[in-house]
$ cat coords_18.txt   # compact mmCIF, N, CA and C atoms
# COMPACT_ATOMS: atom_id res chain seq x y z
N MET A 1 44.51 -67.43 -44.67
CA MET A 1 43.26 -66.70 -44.82
C MET A 1 42.24 -67.51 -45.62
N THR A 2 42.47 -68.83 -45.74
CA THR A 2 41.52 -69.65 -46.48
C THR A 2 40.38 -70.14 -45.60
N LYS A 3 40.51 -70.04 -44.30
CA LYS A 3 39.47 -70.51 -43.38
C LYS A 3 38.65 -69.32 -42.89
N LEU A 4 37.35 -69.52 -42.85
CA LEU A 4 36.44 -68.49 -42.37
C LEU A 4 35.71 -69.04 -41.15
N LYS A 5 35.78 -68.31 -40.04
CA LYS A 5 35.07 -68.71 -38.84
C LYS A 5 33.70 -68.05 -38.84
N ILE A 6 32.67 -68.86 -38.63
CA ILE A 6 31.30 -68.39 -38.62
C ILE A 6 30.72 -68.68 -37.24
N GLU A 7 30.15 -67.66 -36.61
CA GLU A 7 29.47 -67.87 -35.33
C GLU A 7 27.99 -67.68 -35.55
N PHE A 8 27.22 -68.66 -35.14
CA PHE A 8 25.78 -68.62 -35.33
C PHE A 8 25.12 -69.24 -34.12
N TRP A 9 24.26 -68.51 -33.43
CA TRP A 9 23.55 -68.95 -32.24
C TRP A 9 24.50 -69.53 -31.20
N GLY A 10 25.63 -68.88 -31.01
CA GLY A 10 26.57 -69.28 -29.98
C GLY A 10 27.48 -70.43 -30.36
N GLN A 11 27.35 -70.97 -31.56
CA GLN A 11 28.22 -72.04 -32.02
C GLN A 11 29.16 -71.48 -33.08
N GLU A 12 30.37 -72.03 -33.11
CA GLU A 12 31.35 -71.57 -34.09
C GLU A 12 31.62 -72.67 -35.11
N PHE A 13 31.65 -72.29 -36.38
CA PHE A 13 31.91 -73.21 -37.47
C PHE A 13 33.05 -72.66 -38.31
N VAL A 14 33.78 -73.55 -38.95
CA VAL A 14 34.89 -73.14 -39.81
C VAL A 14 34.61 -73.63 -41.23
N ALA A 15 34.75 -72.74 -42.20
CA ALA A 15 34.50 -73.07 -43.59
C ALA A 15 35.72 -72.70 -44.43
N ASN A 16 36.02 -73.53 -45.42
CA ASN A 16 37.12 -73.28 -46.34
C ASN A 16 36.62 -72.37 -47.46
N MET A 17 37.12 -71.14 -47.50
CA MET A 17 36.64 -70.14 -48.46
C MET A 17 37.00 -70.50 -49.90
N ILE A 18 38.14 -71.14 -50.11
CA ILE A 18 38.56 -71.50 -51.48
C ILE A 18 37.60 -72.53 -52.06
N ILE A 19 37.29 -73.57 -51.28
CA ILE A 19 36.34 -74.58 -51.75
C ILE A 19 34.98 -73.94 -52.02
N GLY A 20 34.53 -73.07 -51.12
CA GLY A 20 33.25 -72.39 -51.30
C GLY A 20 33.23 -71.52 -52.55
N ALA A 21 34.32 -70.78 -52.80
CA ALA A 21 34.37 -69.89 -53.96
C ALA A 21 34.40 -70.68 -55.27
N ILE A 22 35.22 -71.72 -55.33
CA ILE A 22 35.31 -72.53 -56.55
C ILE A 22 33.99 -73.26 -56.79
N GLY A 23 33.45 -73.87 -55.75
CA GLY A 23 32.18 -74.58 -55.89
C GLY A 23 31.06 -73.64 -56.28
N GLY A 24 30.99 -72.48 -55.64
CA GLY A 24 29.96 -71.50 -55.97
C GLY A 24 30.06 -71.01 -57.41
N PHE A 25 31.29 -70.80 -57.87
CA PHE A 25 31.50 -70.36 -59.26
C PHE A 25 31.01 -71.42 -60.25
N LEU A 26 31.41 -72.67 -60.01
CA LEU A 26 31.00 -73.76 -60.91
C LEU A 26 29.49 -73.95 -60.91
N ILE A 27 28.87 -73.84 -59.76
CA ILE A 27 27.42 -73.98 -59.67
C ILE A 27 26.73 -72.83 -60.38
N ALA A 28 27.24 -71.61 -60.23
CA ALA A 28 26.65 -70.44 -60.90
C ALA A 28 26.72 -70.58 -62.41
N VAL A 29 27.87 -71.04 -62.92
CA VAL A 29 28.02 -71.22 -64.37
C VAL A 29 27.06 -72.29 -64.86
N ALA A 30 27.01 -73.43 -64.17
CA ALA A 30 26.13 -74.53 -64.58
C ALA A 30 24.67 -74.12 -64.54
N SER A 31 24.25 -73.42 -63.49
CA SER A 31 22.84 -73.04 -63.39
C SER A 31 22.48 -71.97 -64.42
N SER A 32 23.42 -71.10 -64.75
CA SER A 32 23.16 -70.09 -65.78
C SER A 32 23.05 -70.74 -67.16
N LEU A 33 23.88 -71.74 -67.41
CA LEU A 33 23.83 -72.44 -68.69
C LEU A 33 22.59 -73.32 -68.81
N GLY A 34 22.26 -73.99 -67.72
CA GLY A 34 21.17 -74.96 -67.76
C GLY A 34 19.80 -74.41 -67.47
N GLY A 35 19.73 -73.20 -66.93
CA GLY A 35 18.44 -72.60 -66.64
C GLY A 35 17.76 -73.15 -65.41
N PHE A 36 18.49 -73.76 -64.50
CA PHE A 36 17.90 -74.28 -63.27
C PHE A 36 18.52 -73.56 -62.10
N GLY A 37 17.82 -73.56 -60.99
CA GLY A 37 18.32 -72.91 -59.78
C GLY A 37 19.52 -73.64 -59.21
N GLY A 38 20.37 -72.92 -58.53
CA GLY A 38 21.57 -73.51 -57.96
C GLY A 38 21.38 -74.13 -56.59
N GLY A 39 20.22 -73.91 -55.97
CA GLY A 39 19.96 -74.41 -54.62
C GLY A 39 20.21 -75.89 -54.42
N PRO A 40 19.75 -76.74 -55.34
CA PRO A 40 19.99 -78.17 -55.15
C PRO A 40 21.47 -78.55 -55.14
N PHE A 41 22.31 -77.65 -55.60
CA PHE A 41 23.74 -77.95 -55.63
C PHE A 41 24.51 -77.17 -54.56
N VAL A 42 24.03 -75.97 -54.25
CA VAL A 42 24.70 -75.16 -53.23
C VAL A 42 24.54 -75.78 -51.84
N VAL A 43 23.34 -76.26 -51.54
CA VAL A 43 23.09 -76.83 -50.21
C VAL A 43 23.99 -78.04 -49.94
N PRO A 44 24.11 -79.01 -50.86
CA PRO A 44 25.06 -80.11 -50.60
C PRO A 44 26.51 -79.64 -50.53
N LEU A 45 26.88 -78.63 -51.31
CA LEU A 45 28.24 -78.09 -51.24
C LEU A 45 28.51 -77.59 -49.82
N LEU A 46 27.59 -76.81 -49.28
CA LEU A 46 27.80 -76.21 -47.97
C LEU A 46 27.66 -77.21 -46.82
N THR A 47 26.74 -78.17 -46.94
CA THR A 47 26.54 -79.12 -45.83
C THR A 47 27.50 -80.29 -45.89
N VAL A 48 27.56 -80.96 -47.03
CA VAL A 48 28.35 -82.18 -47.14
C VAL A 48 29.83 -81.88 -47.31
N ILE A 49 30.17 -81.00 -48.22
CA ILE A 49 31.59 -80.75 -48.53
C ILE A 49 32.22 -79.79 -47.54
N MET A 50 31.49 -78.72 -47.17
CA MET A 50 32.07 -77.73 -46.27
C MET A 50 31.74 -77.97 -44.80
N GLY A 51 30.78 -78.88 -44.52
CA GLY A 51 30.49 -79.28 -43.15
C GLY A 51 29.70 -78.31 -42.31
N LEU A 52 28.94 -77.42 -42.94
CA LEU A 52 28.13 -76.46 -42.18
C LEU A 52 26.76 -77.07 -41.88
N PRO A 53 26.14 -76.68 -40.77
CA PRO A 53 24.82 -77.23 -40.42
C PRO A 53 23.73 -76.66 -41.32
N ILE A 54 22.67 -77.44 -41.50
CA ILE A 54 21.61 -77.08 -42.43
C ILE A 54 20.94 -75.76 -42.07
N TYR A 55 20.81 -75.46 -40.78
CA TYR A 55 20.12 -74.22 -40.40
C TYR A 55 20.94 -72.97 -40.72
N VAL A 56 22.23 -73.11 -40.92
CA VAL A 56 23.06 -71.99 -41.37
C VAL A 56 23.03 -71.93 -42.90
N VAL A 57 22.99 -73.08 -43.51
CA VAL A 57 23.12 -73.19 -44.97
C VAL A 57 21.92 -72.63 -45.71
N VAL A 58 20.72 -72.88 -45.24
CA VAL A 58 19.53 -72.49 -45.99
C VAL A 58 19.51 -70.99 -46.27
N GLY A 59 19.62 -70.18 -45.24
CA GLY A 59 19.62 -68.73 -45.44
C GLY A 59 20.81 -68.24 -46.25
N SER A 60 21.97 -68.82 -45.99
CA SER A 60 23.19 -68.42 -46.71
C SER A 60 23.10 -68.76 -48.18
N SER A 61 22.58 -69.95 -48.50
CA SER A 61 22.49 -70.34 -49.90
C SER A 61 21.46 -69.50 -50.64
N LEU A 62 20.36 -69.17 -49.97
CA LEU A 62 19.36 -68.33 -50.61
C LEU A 62 19.92 -66.95 -50.95
N LEU A 63 20.72 -66.41 -50.05
CA LEU A 63 21.33 -65.10 -50.31
C LEU A 63 22.33 -65.18 -51.46
N ALA A 64 23.14 -66.24 -51.48
CA ALA A 64 24.12 -66.41 -52.56
C ALA A 64 23.43 -66.62 -53.90
N ILE A 65 22.39 -67.42 -53.91
CA ILE A 65 21.66 -67.71 -55.15
C ILE A 65 20.95 -66.46 -55.65
N PHE A 66 20.52 -65.60 -54.73
CA PHE A 66 19.83 -64.38 -55.11
C PHE A 66 20.69 -63.56 -56.09
N PHE A 67 21.98 -63.39 -55.79
CA PHE A 67 22.83 -62.56 -56.64
C PHE A 67 23.08 -63.22 -58.00
N ASN A 68 23.27 -64.53 -58.02
CA ASN A 68 23.44 -65.23 -59.29
C ASN A 68 22.16 -65.14 -60.11
N THR A 69 21.03 -65.33 -59.47
CA THR A 69 19.75 -65.26 -60.17
C THR A 69 19.48 -63.85 -60.68
N LEU A 70 19.80 -62.85 -59.88
CA LEU A 70 19.62 -61.47 -60.30
C LEU A 70 20.43 -61.16 -61.56
N MET A 71 21.68 -61.58 -61.59
CA MET A 71 22.53 -61.32 -62.76
C MET A 71 22.04 -62.09 -63.99
N ALA A 72 21.78 -63.37 -63.82
CA ALA A 72 21.33 -64.18 -64.97
C ALA A 72 19.97 -63.69 -65.47
N SER A 73 19.06 -63.38 -64.56
CA SER A 73 17.73 -62.91 -64.96
C SER A 73 17.80 -61.58 -65.71
N SER A 74 18.65 -60.69 -65.25
CA SER A 74 18.77 -59.40 -65.93
C SER A 74 19.30 -59.58 -67.35
N ARG A 75 20.21 -60.49 -67.52
CA ARG A 75 20.75 -60.74 -68.87
C ARG A 75 19.66 -61.30 -69.78
N TYR A 76 18.90 -62.28 -69.30
CA TYR A 76 17.82 -62.83 -70.11
C TYR A 76 16.75 -61.78 -70.39
N PHE A 77 16.46 -60.91 -69.42
CA PHE A 77 15.48 -59.85 -69.62
C PHE A 77 15.93 -58.90 -70.72
N PHE A 78 17.20 -58.50 -70.70
CA PHE A 78 17.70 -57.57 -71.70
C PHE A 78 17.79 -58.20 -73.09
N PHE A 79 17.86 -59.52 -73.16
CA PHE A 79 17.84 -60.22 -74.44
C PHE A 79 16.41 -60.47 -74.92
N GLY A 80 15.42 -60.06 -74.11
CA GLY A 80 14.02 -60.24 -74.49
C GLY A 80 13.51 -61.65 -74.32
N GLN A 81 14.12 -62.41 -73.45
CA GLN A 81 13.76 -63.82 -73.27
C GLN A 81 13.08 -64.07 -71.92
N THR A 82 12.24 -63.10 -71.49
CA THR A 82 11.59 -63.23 -70.19
C THR A 82 10.09 -63.08 -70.35
N ASP A 83 9.34 -64.00 -69.80
CA ASP A 83 7.88 -63.94 -69.77
C ASP A 83 7.49 -63.29 -68.44
N LEU A 84 7.06 -62.04 -68.47
CA LEU A 84 6.78 -61.31 -67.24
C LEU A 84 5.57 -61.86 -66.48
N LEU A 85 4.58 -62.41 -67.17
CA LEU A 85 3.44 -63.02 -66.48
C LEU A 85 3.89 -64.24 -65.69
N LEU A 86 4.68 -65.10 -66.32
CA LEU A 86 5.21 -66.27 -65.63
C LEU A 86 6.10 -65.85 -64.46
N PHE A 87 6.90 -64.81 -64.67
CA PHE A 87 7.72 -64.28 -63.58
C PHE A 87 6.87 -63.85 -62.39
N GLY A 88 5.79 -63.12 -62.67
CA GLY A 88 4.91 -62.63 -61.60
C GLY A 88 4.28 -63.77 -60.81
N ILE A 89 3.81 -64.79 -61.51
CA ILE A 89 3.20 -65.94 -60.85
C ILE A 89 4.23 -66.67 -59.98
N MET A 90 5.42 -66.86 -60.52
CA MET A 90 6.47 -67.56 -59.76
C MET A 90 6.95 -66.71 -58.59
N ALA A 91 6.98 -65.40 -58.74
CA ALA A 91 7.42 -64.52 -57.65
C ALA A 91 6.46 -64.59 -56.47
N ILE A 92 5.18 -64.64 -56.75
CA ILE A 92 4.19 -64.77 -55.67
C ILE A 92 4.42 -66.07 -54.90
N GLY A 93 4.61 -67.16 -55.62
CA GLY A 93 4.86 -68.44 -54.98
C GLY A 93 6.15 -68.45 -54.19
N ALA A 94 7.20 -67.86 -54.76
CA ALA A 94 8.50 -67.85 -54.09
C ALA A 94 8.48 -67.01 -52.81
N VAL A 95 7.84 -65.87 -52.86
CA VAL A 95 7.77 -65.01 -51.67
C VAL A 95 6.94 -65.70 -50.59
N SER A 96 5.82 -66.29 -50.97
CA SER A 96 4.98 -67.01 -50.01
C SER A 96 5.76 -68.16 -49.37
N ALA A 97 6.44 -68.94 -50.18
CA ALA A 97 7.23 -70.06 -49.67
C ALA A 97 8.38 -69.58 -48.80
N GLY A 98 8.90 -68.41 -49.09
CA GLY A 98 9.97 -67.84 -48.28
C GLY A 98 9.56 -67.55 -46.85
N PHE A 99 8.28 -67.26 -46.66
CA PHE A 99 7.77 -67.04 -45.30
C PHE A 99 7.37 -68.35 -44.62
N ILE A 100 6.82 -69.27 -45.39
CA ILE A 100 6.30 -70.51 -44.82
C ILE A 100 7.41 -71.55 -44.58
N GLY A 101 8.32 -71.69 -45.54
CA GLY A 101 9.36 -72.72 -45.47
C GLY A 101 10.20 -72.70 -44.21
N PRO A 102 10.75 -71.56 -43.81
CA PRO A 102 11.57 -71.54 -42.59
C PRO A 102 10.79 -71.93 -41.34
N ARG A 103 9.52 -71.58 -41.29
CA ARG A 103 8.71 -71.95 -40.13
C ARG A 103 8.53 -73.47 -40.04
N ILE A 104 8.35 -74.09 -41.20
CA ILE A 104 8.22 -75.55 -41.22
C ILE A 104 9.56 -76.20 -40.88
N ALA A 105 10.63 -75.71 -41.49
CA ALA A 105 11.96 -76.30 -41.26
C ALA A 105 12.39 -76.18 -39.80
N LYS A 106 11.98 -75.11 -39.13
CA LYS A 106 12.34 -74.90 -37.73
C LYS A 106 11.71 -75.96 -36.84
N ARG A 107 10.57 -76.49 -37.24
CA ARG A 107 9.86 -77.49 -36.43
C ARG A 107 10.31 -78.92 -36.73
N LEU A 108 11.05 -79.12 -37.82
CA LEU A 108 11.52 -80.46 -38.18
C LEU A 108 12.95 -80.67 -37.71
N SER A 109 13.31 -81.91 -37.53
CA SER A 109 14.70 -82.19 -37.17
C SER A 109 15.57 -82.00 -38.41
N PRO A 110 16.83 -81.61 -38.24
CA PRO A 110 17.72 -81.39 -39.39
C PRO A 110 17.86 -82.61 -40.29
N ILE A 111 17.80 -83.81 -39.72
CA ILE A 111 17.93 -85.01 -40.55
C ILE A 111 16.75 -85.15 -41.51
N TRP A 112 15.54 -84.77 -41.07
CA TRP A 112 14.37 -84.84 -41.95
C TRP A 112 14.45 -83.78 -43.04
N VAL A 113 14.97 -82.61 -42.70
CA VAL A 113 15.14 -81.57 -43.72
C VAL A 113 16.12 -82.06 -44.78
N LYS A 114 17.21 -82.70 -44.36
CA LYS A 114 18.19 -83.25 -45.31
C LYS A 114 17.58 -84.35 -46.16
N ARG A 115 16.76 -85.20 -45.55
CA ARG A 115 16.13 -86.29 -46.31
C ARG A 115 15.18 -85.75 -47.38
N VAL A 116 14.38 -84.78 -47.01
CA VAL A 116 13.47 -84.17 -47.97
C VAL A 116 14.27 -83.50 -49.10
N ALA A 117 15.34 -82.81 -48.74
CA ALA A 117 16.20 -82.17 -49.75
C ALA A 117 16.81 -83.22 -50.68
N ALA A 118 17.25 -84.36 -50.12
CA ALA A 118 17.86 -85.42 -50.93
C ALA A 118 16.85 -85.99 -51.92
N VAL A 119 15.63 -86.22 -51.47
CA VAL A 119 14.59 -86.73 -52.37
C VAL A 119 14.34 -85.72 -53.50
N GLY A 120 14.27 -84.45 -53.15
CA GLY A 120 14.06 -83.41 -54.16
C GLY A 120 15.20 -83.34 -55.17
N ILE A 121 16.42 -83.47 -54.70
CA ILE A 121 17.58 -83.43 -55.59
C ILE A 121 17.59 -84.63 -56.54
N ILE A 122 17.28 -85.80 -56.01
CA ILE A 122 17.24 -87.01 -56.85
C ILE A 122 16.14 -86.87 -57.90
N TYR A 123 14.97 -86.41 -57.48
CA TYR A 123 13.87 -86.21 -58.42
C TYR A 123 14.26 -85.22 -59.51
N LEU A 124 14.83 -84.08 -59.11
CA LEU A 124 15.26 -83.07 -60.09
C LEU A 124 16.28 -83.65 -61.06
N GLY A 125 17.25 -84.41 -60.54
CA GLY A 125 18.26 -85.01 -61.39
C GLY A 125 17.67 -85.96 -62.42
N LEU A 126 16.73 -86.79 -61.99
CA LEU A 126 16.08 -87.72 -62.91
C LEU A 126 15.27 -86.99 -63.96
N LYS A 127 14.58 -85.91 -63.55
CA LYS A 127 13.82 -85.12 -64.53
C LYS A 127 14.75 -84.46 -65.55
N LEU A 128 15.88 -83.92 -65.07
CA LEU A 128 16.82 -83.27 -65.98
C LEU A 128 17.44 -84.27 -66.96
N LEU A 129 17.59 -85.52 -66.52
CA LEU A 129 18.11 -86.55 -67.40
C LEU A 129 17.07 -87.08 -68.39
N GLY A 130 15.82 -86.69 -68.18
CA GLY A 130 14.76 -87.08 -69.10
C GLY A 130 14.30 -88.51 -68.94
N ILE A 131 14.39 -89.04 -67.73
CA ILE A 131 13.91 -90.40 -67.47
C ILE A 131 12.41 -90.44 -67.73
N PRO A 132 11.94 -91.27 -68.67
CA PRO A 132 10.52 -91.19 -69.08
C PRO A 132 9.51 -91.63 -68.03
N TRP A 133 9.85 -92.47 -67.08
CA TRP A 133 8.90 -92.96 -66.10
C TRP A 133 8.80 -92.07 -64.87
N ILE A 134 9.48 -90.92 -64.87
CA ILE A 134 9.39 -89.97 -63.76
C ILE A 134 8.27 -88.96 -64.08
N PRO A 135 7.25 -88.87 -63.21
CA PRO A 135 6.13 -87.95 -63.49
C PRO A 135 6.53 -86.49 -63.40
$ encode --input "coords_18.txt" --output "structure tokens"
Amino acid sequence: MTKLKIEFWGQEFVANMIIGAIGGFLIAVASSLGGFGGGPFVVPLLTVIMGLPIYVVVGSSLLAIFFNTLMASSRYFFFGQTDLLLFGIMAIGAVSAGFIGPRIAKRLSPIWVKRVAAVGIIYLGLKLLGIPWIP
């Protein structure tokens, strides 16, 4: 029962649930501790390690991240560590991007979506490491 069969648009994919659960748990803990979104780590977990196609991964990772973000955000809110104005501004941007992003990704080839994601992950990693020459 460790393998999960996923059918999407007439294609069938197989994913290892144990790897997904362990990886998802570690990413959730790290993102909760570090205060960064788990998307840059969930997408490579699902595409590179679990072998799922990018068009299945994007929606799935957003749904998984939603629950982690909801839990972590509620905890920070109850501790009084939430700026509601900043939240409102970011929510407007996130909802807008949620409508626009899939339309753009649908028109690009999967390899270009992966390349753009890779550049974003590298940039984020360098910023988190505090490399001074990264704008």
$ axis_aligned_box --input "coords_18.txt" --around "range 50-63 of chain A" --padding-each-side "6 Å" --output "AutoDock Vina command-line options"
--center_x 25.7 --center_y -72.2 --center_z -45.9 --size_x 24.7 --size_y 26.2 --size_z 23.1
$ residues_around --input "coords_18.txt" --residues "range 56-65 of chain A" --least-positions-apart "4" --cutoff "10 Å" --atoms "only C-alpha atoms" --output "PyMOL selection string"
chain A and resi 6-9+13+24+27-28+31+37-47+51-52+69-71+98+102+105
$ select_by_dssp --input "coords_18.txt" --residues "chain A" --states "helix (DSSP H, G or I)" --output "PyMOL selection string"
chain A and resi 17-34+39-49+54-78+84-107+110-129
$ residues_around --input "coords_18.txt" --residues "Gln81 in chain A" --least-positions-apart "6" --cutoff "12 Å" --atoms "only C-alpha atoms" --output "short mmCIF file (atom, residue, chain, number, x, y, z; two decimals) with N, CA and C atoms, in the frame of the given file"
data_model
loop_
_atom_site.label_atom_id
_atom_site.label_comp_id
_atom_site.auth_asym_id
_atom_site.auth_seq_id
_atom_site.Cartn_x
_atom_site.Cartn_y
_atom_site.Cartn_z
N GLY A 35 19.73 -73.20 -66.93
CA GLY A 35 18.44 -72.60 -66.64
C GLY A 35 17.76 -73.15 -65.41
N ALA A 72 21.78 -63.37 -63.82
CA ALA A 72 21.33 -64.18 -64.97
C ALA A 72 19.97 -63.69 -65.47
N SER A 73 19.06 -63.38 -64.56
CA SER A 73 17.73 -62.91 -64.96
C SER A 73 17.80 -61.58 -65.71
N SER A 74 18.65 -60.69 -65.25
CA SER A 74 18.77 -59.40 -65.93
C SER A 74 19.30 -59.58 -67.35
N ARG A 75 20.21 -60.49 -67.52
CA ARG A 75 20.75 -60.74 -68.87
C ARG A 75 19.66 -61.30 -69.78
N PHE A 87 6.90 -64.81 -64.67
CA PHE A 87 7.72 -64.28 -63.58
C PHE A 87 6.87 -63.85 -62.39
#
$ atom_distance --input "coords_18.txt" --atom1 "CA of Ile131 in chain A" --atom2 "CA of Leu33 in chain A"
20.6 Å
